[in-house]
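File shown: data-v6.cif (mmCIF, C-alpha atoms).
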data_final
#
loop_
_atom_site.label_atom_id
_atom_site.label_comp_id
_atom_site.auth_asym_id
_atom_site.auth_seq_id
_atom_site.Cartn_x
_atom_site.Cartn_y
_atom_site.Cartn_z
CA MET A 1 15.80 8.11 3.08
CA THR A 2 13.69 5.17 2.01
CA ASP A 3 14.45 1.53 2.68
CA LEU A 4 15.78 1.30 -0.85
CA ALA A 5 18.28 4.04 -0.18
CA THR A 6 19.53 2.55 3.08
CA ALA A 7 19.86 -1.07 2.02
CA THR A 8 23.28 -2.47 1.30
CA PRO A 9 22.95 -3.99 -2.15
CA ALA A 10 23.59 -7.59 -2.94
CA GLN A 11 26.51 -8.52 -5.16
CA LEU A 12 26.08 -6.91 -8.56
CA SER A 13 25.58 -9.09 -11.62
CA THR A 14 28.04 -9.37 -14.47
CA LEU A 15 27.18 -9.26 -18.16
CA ASP A 16 27.38 -12.74 -19.67
CA ALA A 17 29.44 -13.66 -22.74
CA ALA A 18 26.44 -13.41 -25.09
CA GLY A 19 25.70 -9.91 -23.86
CA ARG A 20 29.34 -8.86 -24.23
CA ALA A 21 29.31 -10.19 -27.79
CA THR A 22 26.08 -8.34 -28.64
CA LEU A 23 27.31 -4.99 -27.34
CA PHE A 24 31.08 -5.06 -27.72
CA THR A 25 33.08 -7.96 -29.08
CA ASP A 26 30.95 -9.23 -32.01
CA ALA A 27 29.10 -6.01 -32.83
CA ARG A 28 30.27 -4.04 -35.86
CA THR A 29 29.58 -0.69 -37.49
CA ALA A 30 27.28 -1.44 -40.47
CA ASN A 31 27.86 0.24 -43.82
CA THR A 32 24.92 -1.38 -45.64
CA PHE A 33 21.40 -2.12 -44.44
CA ALA A 34 18.68 -4.64 -45.24
CA PRO A 35 15.31 -3.10 -46.21
CA THR A 36 13.62 -4.53 -43.09
CA PRO A 37 11.73 -1.63 -41.46
CA VAL A 38 12.66 -0.34 -38.02
CA THR A 39 9.48 0.53 -36.15
CA ASP A 40 8.79 3.66 -34.12
CA THR A 41 8.28 1.31 -31.18
CA GLU A 42 11.83 0.02 -31.55
CA LEU A 43 13.23 3.54 -31.85
CA THR A 44 11.31 4.63 -28.75
CA ALA A 45 12.63 1.61 -26.85
CA ILE A 46 16.24 2.38 -27.82
CA TRP A 47 16.04 5.77 -26.15
CA ASP A 48 14.04 4.43 -23.19
CA LEU A 49 16.95 2.12 -22.39
CA ALA A 50 19.83 4.51 -23.12
CA LYS A 51 18.35 7.28 -20.98
CA TRP A 52 19.12 5.43 -17.72
CA ALA A 53 22.91 5.65 -17.97
CA PRO A 54 24.54 8.45 -15.97
CA THR A 55 25.34 12.10 -16.75
CA SER A 56 27.00 14.79 -14.62
CA ALA A 57 24.48 16.23 -12.16
CA ASN A 58 21.81 14.22 -14.00
CA THR A 59 21.67 16.92 -16.70
CA GLN A 60 20.81 14.59 -19.66
CA PRO A 61 21.54 17.10 -22.44
CA LEU A 62 21.22 14.65 -25.37
CA ARG A 63 18.28 15.05 -27.75
CA ILE A 64 17.27 12.78 -30.64
CA LEU A 65 15.68 13.50 -33.99
CA TYR A 66 14.55 10.19 -35.49
CA VAL A 67 14.40 10.33 -39.29
CA ARG A 68 12.35 7.73 -41.19
CA PRO A 69 12.46 6.82 -44.91
CA GLY A 70 10.76 9.44 -47.06
CA PRO A 71 11.03 13.23 -47.29
CA GLY A 72 12.82 13.60 -43.94
CA ARG A 73 15.55 11.19 -44.94
CA GLU A 74 15.94 12.91 -48.30
CA ARG A 75 16.44 16.23 -46.53
CA LEU A 76 19.06 14.68 -44.25
CA VAL A 77 21.02 12.87 -46.98
CA HIS A 78 21.63 16.23 -48.66
CA HIS A 79 23.75 17.34 -45.67
CA MET A 80 25.82 14.16 -45.29
CA ASN A 81 29.39 13.98 -46.60
CA GLU A 82 29.64 12.33 -50.02
CA GLY A 83 30.98 9.07 -48.60
CA ASN A 84 28.01 8.78 -46.22
CA LYS A 85 25.10 9.73 -48.51
CA ALA A 86 24.42 6.22 -49.88
CA LYS A 87 24.53 4.69 -46.41
CA THR A 88 22.03 7.11 -44.94
CA ALA A 89 19.82 6.94 -48.06
CA SER A 90 19.42 3.18 -47.51
CA ALA A 91 19.12 3.09 -43.71
CA PRO A 92 15.65 2.07 -42.46
CA ALA A 93 16.00 4.63 -39.67
CA VAL A 94 18.45 7.37 -38.79
CA ALA A 95 19.01 9.22 -35.52
CA VAL A 96 20.41 12.74 -35.52
CA LEU A 97 21.90 13.07 -32.04
CA ALA A 98 21.99 16.64 -30.75
CA VAL A 99 22.86 18.60 -27.64
CA ASP A 100 20.22 20.86 -26.14
CA THR A 101 22.15 24.11 -25.66
CA GLN A 102 19.56 25.16 -23.03
CA PHE A 103 19.64 21.86 -21.15
CA HIS A 104 20.03 23.69 -17.84
CA GLU A 105 16.38 24.79 -17.93
CA HIS A 106 15.40 21.25 -16.84
CA ILE A 107 17.71 21.17 -13.80
CA PRO A 108 15.06 22.03 -11.18
CA THR A 109 13.16 18.91 -12.33
CA LEU A 110 16.18 16.65 -12.82
CA LEU A 111 18.18 17.60 -9.73
CA PRO A 112 15.47 18.74 -7.30
CA PHE A 113 17.79 19.05 -4.31
CA ARG A 114 20.04 21.53 -6.15
CA PRO A 115 17.84 23.67 -8.43
CA GLU A 116 20.23 26.63 -8.17
CA LEU A 117 22.65 24.81 -10.51
CA LYS A 118 20.37 26.06 -13.30
CA ASP A 119 21.44 29.62 -12.55
CA VAL A 120 25.12 28.66 -12.36
CA PHE A 121 24.89 27.29 -15.91
CA ALA A 122 22.77 30.23 -17.08
CA ALA A 123 25.49 32.65 -15.95
CA ASN A 124 28.41 30.78 -17.52
CA GLU A 125 27.99 29.98 -21.20
CA THR A 126 31.50 28.56 -21.61
CA MET A 127 30.95 26.03 -18.82
CA ARG A 128 27.43 25.30 -20.05
CA THR A 129 28.58 24.60 -23.60
CA ALA A 130 31.44 22.35 -22.47
CA SER A 131 29.29 20.43 -19.99
CA GLY A 132 26.43 20.01 -22.47
CA MET A 133 28.75 18.73 -25.19
CA PHE A 134 30.56 16.38 -22.80
CA ASN A 135 27.46 14.81 -21.33
CA ALA A 136 25.57 14.60 -24.64
CA THR A 137 28.57 12.77 -26.08
CA LEU A 138 28.68 10.32 -23.15
CA GLN A 139 24.99 9.69 -23.84
CA ALA A 140 25.75 9.16 -27.55
CA GLY A 141 28.02 6.31 -26.48
CA TYR A 142 25.22 4.80 -24.40
CA PHE A 143 22.82 5.28 -27.32
CA ILE A 144 25.02 3.35 -29.76
CA LEU A 145 25.21 0.42 -27.33
CA SER A 146 21.45 0.58 -26.77
CA ILE A 147 20.86 0.20 -30.53
CA ARG A 148 22.96 -2.96 -30.37
CA ALA A 149 21.05 -4.14 -27.29
CA HIS A 150 17.92 -4.10 -29.45
CA GLY A 151 19.41 -6.47 -32.04
CA LEU A 152 20.04 -3.73 -34.59
CA ALA A 153 23.24 -2.51 -36.21
CA ALA A 154 24.42 1.06 -35.63
CA GLY A 155 26.29 3.13 -38.21
CA PRO A 156 27.54 6.27 -36.41
CA MET A 157 28.94 9.03 -38.65
CA SER A 158 30.71 12.29 -37.85
CA GLY A 159 30.89 13.12 -41.57
CA PHE A 160 28.06 15.61 -42.12
CA ASP A 161 27.64 19.37 -42.31
CA ALA A 162 26.51 20.14 -38.77
CA ALA A 163 25.69 23.79 -39.45
CA SER A 164 23.43 22.93 -42.37
CA VAL A 165 21.78 20.03 -40.48
CA ASP A 166 21.06 22.48 -37.65
CA ALA A 167 19.61 25.04 -40.08
CA GLU A 168 17.49 22.37 -41.78
CA PHE A 169 16.09 20.57 -38.75
CA PHE A 170 16.68 22.80 -35.72
CA PRO A 171 16.03 26.32 -37.05
CA ASP A 172 15.30 27.84 -33.63
CA GLY A 173 18.97 27.29 -32.74
CA ARG A 174 18.37 25.40 -29.50
CA TRP A 175 19.52 21.91 -30.61
CA HIS A 176 22.94 21.36 -32.15
CA GLY A 177 23.67 18.14 -34.07
CA ILE A 178 26.72 16.16 -32.89
CA LEU A 179 26.43 12.70 -34.53
CA VAL A 180 24.28 10.94 -37.13
CA VAL A 181 23.59 7.24 -36.56
CA ASN A 182 22.12 4.89 -39.16
CA ILE A 183 20.00 2.10 -37.63
CA GLY A 184 18.83 -1.19 -39.13
CA ASP A 185 19.51 -4.80 -39.90
CA PRO A 186 22.85 -5.26 -41.67
CA GLY A 187 22.66 -5.69 -45.45
CA PRO A 188 24.96 -7.50 -47.91
CA THR A 189 28.70 -7.18 -47.14
CA PRO A 190 27.90 -4.78 -44.31
CA TRP A 191 31.43 -4.41 -42.99
CA PHE A 192 35.11 -4.87 -43.75
CA ASP A 193 37.51 -6.94 -41.69
CA ARG A 194 37.80 -5.64 -38.17
CA LEU A 195 40.27 -2.81 -37.71
CA PRO A 196 42.96 -3.09 -35.03
CA ARG A 197 42.68 -1.76 -31.51
CA LEU A 198 45.51 -0.06 -29.64
CA ARG A 199 47.52 -2.25 -27.30
CA GLN A 200 47.18 -1.93 -23.52
CA GLN A 201 50.71 -0.54 -23.31
CA ASP A 202 49.72 2.32 -25.64
CA THR A 203 46.57 3.21 -23.74
CA VAL A 204 46.80 2.24 -20.06
CA ARG A 205 49.10 3.49 -17.29
CA TRP A 206 49.12 2.64 -13.57
CA ALA A 207 49.59 4.66 -10.39
CA MET B 208 37.88 -9.37 -49.12
CA THR B 209 37.71 -12.45 -46.95
CA ASP B 210 34.73 -14.74 -46.54
CA LEU B 211 33.95 -12.97 -43.32
CA ALA B 212 33.69 -9.65 -45.08
CA THR B 213 31.45 -10.91 -47.86
CA ALA B 214 29.03 -12.99 -45.81
CA THR B 215 25.58 -11.61 -45.10
CA PRO B 216 25.28 -11.86 -41.33
CA ALA B 217 22.63 -13.81 -39.54
CA GLN B 218 20.05 -11.98 -37.48
CA LEU B 219 21.77 -10.04 -34.70
CA SER B 220 21.15 -10.97 -31.08
CA THR B 221 19.39 -8.77 -28.57
CA LEU B 222 20.54 -8.09 -25.01
CA ASP B 223 18.38 -10.00 -22.54
CA ALA B 224 16.55 -8.44 -19.59
CA ALA B 225 19.29 -9.39 -17.13
CA GLY B 226 21.91 -7.71 -19.30
CA ARG B 227 19.79 -4.57 -19.65
CA ALA B 228 19.37 -4.45 -15.88
CA THR B 229 23.12 -4.88 -15.29
CA LEU B 230 24.12 -2.10 -17.67
CA PHE B 231 21.19 0.32 -17.72
CA THR B 232 17.99 -0.11 -15.76
CA ASP B 233 19.17 -1.44 -12.38
CA ALA B 234 22.71 -0.02 -12.39
CA ARG B 235 23.36 3.06 -10.26
CA THR B 236 26.18 5.52 -9.68
CA ALA B 237 27.82 4.48 -6.38
CA ASN B 238 28.79 7.07 -3.79
CA THR B 239 30.26 4.64 -1.25
CA PHE B 240 32.40 1.54 -1.77
CA ALA B 241 33.03 -1.71 0.07
CA PRO B 242 36.69 -2.40 0.90
CA THR B 243 36.77 -5.44 -1.42
CA PRO B 244 39.86 -5.03 -3.64
CA VAL B 245 39.55 -4.59 -7.39
CA THR B 246 42.35 -6.51 -9.06
CA ASP B 247 44.60 -5.34 -11.87
CA THR B 248 43.21 -8.25 -13.88
CA GLU B 249 39.69 -6.84 -13.52
CA LEU B 250 40.84 -3.35 -14.47
CA THR B 251 42.65 -4.70 -17.52
CA ALA B 252 39.54 -6.65 -18.54
CA ILE B 253 37.33 -3.55 -18.26
CA TRP B 254 39.41 -1.74 -20.86
CA ASP B 255 39.79 -4.87 -23.02
CA LEU B 256 36.00 -4.97 -23.41
CA ALA B 257 35.35 -1.23 -23.78
CA LYS B 258 37.97 -0.83 -26.49
CA TRP B 259 35.87 -2.69 -29.10
CA ALA B 260 33.11 -0.09 -29.34
CA PRO B 261 33.37 2.33 -32.27
CA THR B 262 35.11 5.68 -32.75
CA SER B 263 35.27 8.02 -35.78
CA ALA B 264 37.85 6.71 -38.28
CA ASN B 265 38.86 4.17 -35.61
CA THR B 266 40.94 6.86 -33.87
CA GLN B 267 40.49 5.55 -30.27
CA PRO B 268 41.82 8.67 -28.50
CA LEU B 269 40.86 7.60 -24.94
CA ARG B 270 43.65 6.81 -22.47
CA ILE B 271 43.34 5.43 -18.93
CA LEU B 272 45.38 5.99 -15.81
CA TYR B 273 44.38 3.37 -13.25
CA VAL B 274 45.00 4.55 -9.68
CA ARG B 275 45.16 2.00 -6.87
CA PRO B 276 44.93 2.56 -3.07
CA GLY B 277 48.12 4.06 -1.68
CA PRO B 278 50.30 7.01 -2.65
CA GLY B 279 48.76 7.36 -6.15
CA ARG B 280 45.26 7.62 -4.76
CA GLU B 281 46.41 10.14 -2.14
CA ARG B 282 47.90 12.29 -4.90
CA LEU B 283 44.65 12.12 -6.87
CA VAL B 284 42.30 12.88 -3.95
CA HIS B 285 44.13 16.18 -3.46
CA HIS B 286 42.84 17.39 -6.87
CA MET B 287 39.21 16.28 -6.48
CA ASN B 288 36.49 18.77 -5.58
CA GLU B 289 35.63 18.80 -1.86
CA GLY B 290 32.40 16.84 -2.36
CA ASN B 291 34.26 14.06 -4.19
CA LYS B 292 37.36 13.64 -1.99
CA ALA B 293 35.86 11.12 0.45
CA LYS B 294 34.43 8.99 -2.36
CA THR B 295 37.72 8.74 -4.20
CA ALA B 296 39.66 8.20 -0.97
CA SER B 297 37.57 5.08 -0.27
CA ALA B 298 37.33 3.66 -3.81
CA PRO B 299 39.23 0.37 -4.28
CA ALA B 300 40.26 1.57 -7.75
CA VAL B 301 39.96 4.79 -9.70
CA ALA B 302 40.32 5.46 -13.42
CA VAL B 303 41.43 8.86 -14.67
CA LEU B 304 40.10 8.96 -18.22
CA ALA B 305 42.11 11.17 -20.54
CA VAL B 306 42.30 12.18 -24.19
CA ASP B 307 45.60 11.68 -26.00
CA THR B 308 46.07 15.07 -27.68
CA GLN B 309 48.42 13.39 -30.20
CA PHE B 310 46.10 10.49 -30.96
CA HIS B 311 46.57 11.03 -34.69
CA GLU B 312 50.09 9.59 -34.53
CA HIS B 313 48.51 6.10 -34.36
CA ILE B 314 46.34 6.54 -37.47
CA PRO B 315 48.64 4.70 -39.92
CA THR B 316 48.29 1.63 -37.64
CA LEU B 317 44.60 2.05 -36.83
CA LEU B 318 43.30 3.01 -40.28
CA PRO B 319 45.84 1.40 -42.61
CA PHE B 320 43.89 2.16 -45.81
CA ARG B 321 43.90 5.91 -45.09
CA PRO B 322 47.19 6.76 -43.35
CA GLU B 323 47.16 10.30 -44.76
CA LEU B 324 44.44 11.22 -42.26
CA LYS B 325 47.28 11.56 -39.76
CA ASP B 326 48.58 14.57 -41.69
CA VAL B 327 45.12 16.10 -42.00
CA PHE B 328 44.83 16.07 -38.20
CA ALA B 329 48.44 17.23 -37.75
CA ALA B 330 47.71 20.31 -39.87
CA ASN B 331 44.46 21.29 -38.13
CA GLU B 332 44.71 21.57 -34.37
CA THR B 333 41.15 22.85 -33.93
CA MET B 334 39.69 19.84 -35.73
CA ARG B 335 42.09 17.50 -33.95
CA THR B 336 41.16 18.81 -30.50
CA ALA B 337 37.42 18.61 -31.19
CA SER B 338 37.61 15.13 -32.71
CA GLY B 339 39.83 13.82 -29.92
CA MET B 340 37.55 15.18 -27.21
CA PHE B 341 34.41 13.90 -28.93
CA ASN B 342 35.67 10.37 -29.49
CA ALA B 343 37.37 10.06 -26.10
CA THR B 344 34.07 11.06 -24.50
CA LEU B 345 32.14 8.46 -26.53
CA GLN B 346 34.68 5.93 -25.27
CA ALA B 347 34.18 7.16 -21.69
CA GLY B 348 30.52 6.19 -22.08
CA TYR B 349 31.51 2.72 -23.26
CA PHE B 350 34.00 2.48 -20.37
CA ILE B 351 31.36 3.22 -17.72
CA LEU B 352 29.11 0.47 -19.12
CA SER B 353 32.06 -1.92 -19.28
CA ILE B 354 32.70 -1.40 -15.55
CA ARG B 355 29.08 -2.42 -14.96
CA ALA B 356 29.49 -5.41 -17.30
CA HIS B 357 32.18 -6.66 -14.92
CA GLY B 358 29.84 -6.63 -11.90
CA LEU B 359 31.34 -3.49 -10.42
CA ALA B 360 29.81 -0.12 -9.62
CA ALA B 361 31.05 3.00 -11.40
CA GLY B 362 31.20 6.44 -9.83
CA PRO B 363 31.98 8.92 -12.62
CA MET B 364 32.85 12.47 -11.53
CA SER B 365 33.43 15.67 -13.48
CA GLY B 366 34.21 17.53 -10.24
CA PHE B 367 38.02 17.71 -10.18
CA ASP B 368 40.72 20.23 -11.10
CA ALA B 369 41.67 18.98 -14.55
CA ALA B 370 44.65 21.30 -14.97
CA SER B 371 46.19 20.18 -11.68
CA VAL B 372 45.47 16.49 -12.40
CA ASP B 373 47.23 16.93 -15.73
CA ALA B 374 50.21 18.61 -14.07
CA GLU B 375 50.38 15.90 -11.39
CA PHE B 376 50.02 12.79 -13.54
CA PHE B 377 50.60 13.84 -17.17
CA PRO B 378 53.45 16.38 -16.91
CA ASP B 379 54.58 15.95 -20.52
CA GLY B 380 51.30 17.56 -21.61
CA ARG B 381 50.21 14.83 -24.03
CA TRP B 382 47.29 13.39 -22.03
CA HIS B 383 44.47 15.60 -20.78
CA GLY B 384 42.10 14.32 -18.07
CA ILE B 385 38.38 14.44 -18.90
CA LEU B 386 36.64 12.28 -16.26
CA VAL B 387 37.50 10.48 -13.02
CA VAL B 388 35.65 7.21 -12.32
CA ASN B 389 35.61 5.41 -8.99
CA ILE B 390 35.35 1.61 -9.34
CA GLY B 391 34.38 -1.02 -6.78
CA ASP B 392 31.67 -2.96 -5.01
CA PRO B 393 29.00 -0.66 -3.57
CA GLY B 394 29.32 0.10 0.16
CA PRO B 395 26.68 0.98 2.78
CA THR B 396 23.90 3.30 1.53
CA PRO B 397 25.68 3.66 -1.79
CA TRP B 398 23.01 5.70 -3.55
CA PHE B 399 19.97 7.89 -3.08
CA ASP B 400 16.59 7.28 -4.67
CA ARG B 401 16.79 7.30 -8.42
CA LEU B 402 16.61 10.74 -10.01
CA PRO B 403 14.05 11.39 -12.77
CA ARG B 404 14.70 11.08 -16.48
CA LEU B 405 13.36 13.50 -19.07
CA ARG B 406 10.17 12.45 -20.85
CA GLN B 407 10.21 11.30 -24.47
CA GLN B 408 8.31 14.44 -25.49
CA ASP B 409 11.12 16.59 -24.04
CA THR B 410 13.91 14.70 -25.77
CA VAL B 411 12.73 13.00 -28.97
CA ARG B 412 11.42 14.48 -32.24
CA TRP B 413 10.44 12.74 -35.48
CA ALA B 414 11.00 13.50 -39.16
#
Could you quickly redo this structure as structure tokens?
Amino acid sequence: MTDLATATPAQLSTLDAAGRATLFTDARTANTFAPTPVTDTELTAIWDLAKWAPTSANTQPLRILYVRPGPGRERLVHHMNEGNKAKTASAPAVAVLAVDTQFHEHIPTLLPFRPELKDVFAANETMRTASGMFNATLQAGYFILSIRAHGLAAGPMSGFDAASVDAEFFPDGRWHGILVVNIGDPGPTPWFDRLPRLRQQDTVRWA
Amino acid sequence: MTDLATATPAQLSTLDAAGRATLFTDARTANTFAPTPVTDTELTAIWDLAKWAPTSANTQPLRILYVRPGPGRERLVHHMNEGNKAKTASAPAVAVLAVDTQFHEHIPTLLPFRPELKDVFAANETMRTASGMFNATLQAGYFILSIRAHGLAAGPMSGFDAASVDAEFFPDGRWHGILVVNIGDPGPTPWFDRLPRLRQQDTVRWA
């Protein structure tokens, strides 16, 4: 173990009120976008931040297809549900979040002290599929908050034809789309009044 | 529409370097915990922040069972995998994250302009189960980052017997456990050296 590993850490820092507002309490799902471009550098930075948050056994199964304005976006809009087409057609950038169904192939690199976990996943497709979907979805949550961390609005959408998105963009069958996220500066009237949240007594129990 | 809904928002804020470190780049999964208590007030605040991040159709299917030191924690440790028992037994607080399999019953409250979505989910158990699991898992990602926002270390674990946790804590069958998260100040040698992350070229594509 290195010195880093044996040190007892100092008190951890909290996130200040401005940071909480940016990620959670003031941030909103945008339904319209300003035409301001989102650069490839910004999109790269969003993933470079989100990637640090944890996954089970460090498996990191989430993959990202970034779609820019132009032919790629036109191909994607075709597979969105009717109510989402206009939003995606006007978004300066879109991320198709996907799970790598063969994520276990990276385990010897990602978890070097337990490379044999690759073979455990290889032998059990049911467990592999469930674990990949679970951890990719956790990472989708981190990804949405990372978009907000970069001063951009996120517009996540489950309303798309996943099978046809997969056929269009991932024809080798290895990636499977799980969420489409519009990214950009908010446009005119970007959101409605905030919807309610469940009360603590409906969501939290104690033991 | 109110003035709030029709205003074009100002430029969104970014998360500063300290906030990024607290949530993503410096934060680590803790394997040991200091004995410092975590208060019910802190646990309540963690959920009160995480709850604002988005879910599909505002369905919010995640539920939380907070387990404190004492008989509840002893009951939980019994259902953890061997490699996780000691960690949970020493954690000042533990959250059992669960999906509410009947989350759709809240839809008329949560999505008041589309209450009929409740019946769509009621009639399609396959869709309901997939949507509940997906959105609860997104919320689990938000929850982990909210723990970090409160200056505490998270220790998320998939290694537990979900069926026996459900039988022990959720005997009416409505909640289904998806992740157990230890919560507290880090203890001695709380983590190993940081594990690698996949490279951009292994995870990101462009269209």
At a cut-off of 6 Å, can you tabulate as CSV every residue of chain A near chain B together with its closest atom pair and the distance in Å to one decimal, using only C-alpha atoms and ordering rows by chain then number?
residue,atom,partner,partner_atom,distance
A:Ala5,CA,B:Phe399,CA,5.1
A:Thr6,CA,B:Thr396,CA,4.7
A:Ala7,CA,B:Thr396,CA,6.0
A:Thr8,CA,B:Pro395,CA,5.1
A:Leu12,CA,B:Gly358,CA,5.0
A:Ser13,CA,B:Gly358,CA,4.9
A:Thr14,CA,B:Gly358,CA,4.2
A:Leu15,CA,B:Ala356,CA,4.6
A:Gly19,CA,B:Leu222,CA,5.6
A:Phe24,CA,B:Trp259,CA,5.5
A:Thr25,CA,B:Trp259,CA,6.0
A:Trp52,CA,B:Phe231,CA,5.5
A:Ala53,CA,B:Phe231,CA,5.6
A:Arg63,CA,B:Thr410,CA,4.8
A:Ile64,CA,B:Val411,CA,4.8
A:Leu65,CA,B:Arg412,CA,4.7
A:Tyr66,CA,B:Trp413,CA,4.8
A:Val67,CA,B:Ala414,CA,4.7
A:Gly72,CA,B:Ala414,CA,5.1
A:Leu110,CA,B:Pro403,CA,5.7
A:Thr137,CA,B:Leu345,CA,5.6
A:Leu138,CA,B:Gly348,CA,4.6
A:Gly141,CA,B:Leu345,CA,4.6
A:Tyr142,CA,B:Gly348,CA,6.0
A:Ala149,CA,B:Leu222,CA,4.6
A:His150,CA,B:Thr221,CA,5.0
A:Gly151,CA,B:Thr221,CA,4.2
A:Pro188,CA,B:Thr215,CA,5.0
A:Thr189,CA,B:Thr213,CA,4.7
A:Phe192,CA,B:Ala212,CA,5.2
A:Asp193,CA,B:Ala212,CA,5.8
A:Pro196,CA,B:Leu317,CA,5.7
A:Thr203,CA,B:Arg270,CA,4.8
A:Val204,CA,B:Ile271,CA,4.8
A:Arg205,CA,B:Leu272,CA,4.7
A:Trp206,CA,B:Tyr273,CA,4.8
A:Ala207,CA,B:Val274,CA,4.6
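Atom to atom, CA of Pro299 in chain B and CA of Val388 in chain B stand 11.1 Å apart.
A straight line drawn from CA of His79 in chain A to CA of Ser164 in chain A is 6.5 Å long.
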Quick one: axis-aligned box around all listed atoms of range 157-174 of chain A, 8 Å on every side, centre and edge lengths in Å to one decimal, written as JSON.
{"center_x": 23.1, "center_y": 18.4, "center_z": -35.9, "size_x": 31.6, "size_y": 34.8, "size_z": 28.9}
When the PyMOL selection byres ((chain B and resi 312) around 10) is applied to the file above, which residues end up in the set, as a CSV table (one decimal) with C-alpha atoms, keeping the file's coordinate frame?
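Wrote out-v6.csv, looks like this:
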chain,number,residue,atom,x,y,z
B,266,THR,CA,40.9,6.9,-33.9
B,307,ASP,CA,45.6,11.7,-26.0
B,308,THR,CA,46.1,15.1,-27.7
B,309,GLN,CA,48.4,13.4,-30.2
B,310,PHE,CA,46.1,10.5,-31.0
B,311,HIS,CA,46.6,11.0,-34.7
B,313,HIS,CA,48.5,6.1,-34.4
B,314,ILE,CA,46.3,6.5,-37.5
B,315,PRO,CA,48.6,4.7,-39.9
B,316,THR,CA,48.3,1.6,-37.6
B,317,LEU,CA,44.6,2.0,-36.8
B,322,PRO,CA,47.2,6.8,-43.4
B,324,LEU,CA,44.4,11.2,-42.3
B,325,LYS,CA,47.3,11.6,-39.8
B,326,ASP,CA,48.6,14.6,-41.7
B,328,PHE,CA,44.8,16.1,-38.2
B,329,ALA,CA,48.4,17.2,-37.8
Quick one: pull the distance between CA of Ala163 in chain A and CA of His176 in chain A, Å, one decimal.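 Answer for the CA of Ala163 in chain A to CA of His176 in chain A separation: 8.2 Å.
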Could you model N, CA, C and O atoms for range 264-274 of chain B and present them as a JSON list (two decimals), in the coordinates of the input?
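result_14.json, written as the output of this step:
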[["chain", "number", "residue", "atom", "x", "y", "z"],
["B", 264, "ALA", "N", 36.62, 7.08, -37.57],
["B", 264, "ALA", "CA", 37.85, 6.71, -38.28],
["B", 264, "ALA", "C", 38.76, 5.83, -37.42],
["B", 264, "ALA", "O", 39.97, 5.82, -37.61],
["B", 265, "ASN", "N", 38.14, 5.11, -36.47],
["B", 265, "ASN", "CA", 38.86, 4.17, -35.61],
["B", 265, "ASN", "C", 40.01, 4.84, -34.85],
["B", 265, "ASN", "O", 41.05, 4.23, -34.58],
["B", 266, "THR", "N", 39.83, 6.09, -34.45],
["B", 266, "THR", "CA", 40.94, 6.86, -33.87],
["B", 266, "THR", "C", 41.24, 6.52, -32.41],
["B", 266, "THR", "O", 42.37, 6.74, -31.96],
["B", 267, "GLN", "N", 40.24, 6.04, -31.64],
["B", 267, "GLN", "CA", 40.49, 5.55, -30.27],
["B", 267, "GLN", "C", 41.35, 6.49, -29.41],
["B", 267, "GLN", "O", 42.39, 6.08, -28.88],
["B", 268, "PRO", "N", 40.95, 7.73, -29.22],
["B", 268, "PRO", "CA", 41.82, 8.67, -28.50],
["B", 268, "PRO", "C", 41.80, 8.55, -26.97],
["B", 268, "PRO", "O", 42.57, 9.23, -26.31],
["B", 269, "LEU", "N", 40.95, 7.69, -26.40],
["B", 269, "LEU", "CA", 40.86, 7.60, -24.94],
["B", 269, "LEU", "C", 42.08, 6.90, -24.35],
["B", 269, "LEU", "O", 42.55, 5.90, -24.88],
["B", 270, "ARG", "N", 42.57, 7.43, -23.25],
["B", 270, "ARG", "CA", 43.65, 6.81, -22.47],
["B", 270, "ARG", "C", 43.18, 6.67, -21.03],
["B", 270, "ARG", "O", 42.33, 7.42, -20.58],
["B", 271, "ILE", "N", 43.77, 5.72, -20.30],
["B", 271, "ILE", "CA", 43.34, 5.43, -18.93],
["B", 271, "ILE", "C", 44.54, 5.38, -18.00],
["B", 271, "ILE", "O", 45.51, 4.65, -18.25],
["B", 272, "LEU", "N", 44.45, 6.14, -16.93],
["B", 272, "LEU", "CA", 45.38, 5.99, -15.81],
["B", 272, "LEU", "C", 44.62, 5.31, -14.69],
["B", 272, "LEU", "O", 43.69, 5.89, -14.11],
["B", 273, "TYR", "N", 45.00, 4.07, -14.38],
["B", 273, "TYR", "CA", 44.38, 3.37, -13.25],
["B", 273, "TYR", "C", 45.14, 3.71, -11.98],
["B", 273, "TYR", "O", 46.38, 3.57, -11.93],
["B", 274, "VAL", "N", 44.40, 4.14, -10.95],
["B", 274, "VAL", "CA", 45.00, 4.55, -9.68],
["B", 274, "VAL", "C", 44.53, 3.59, -8.61],
["B", 274, "VAL", "O", 43.32, 3.41, -8.41]]
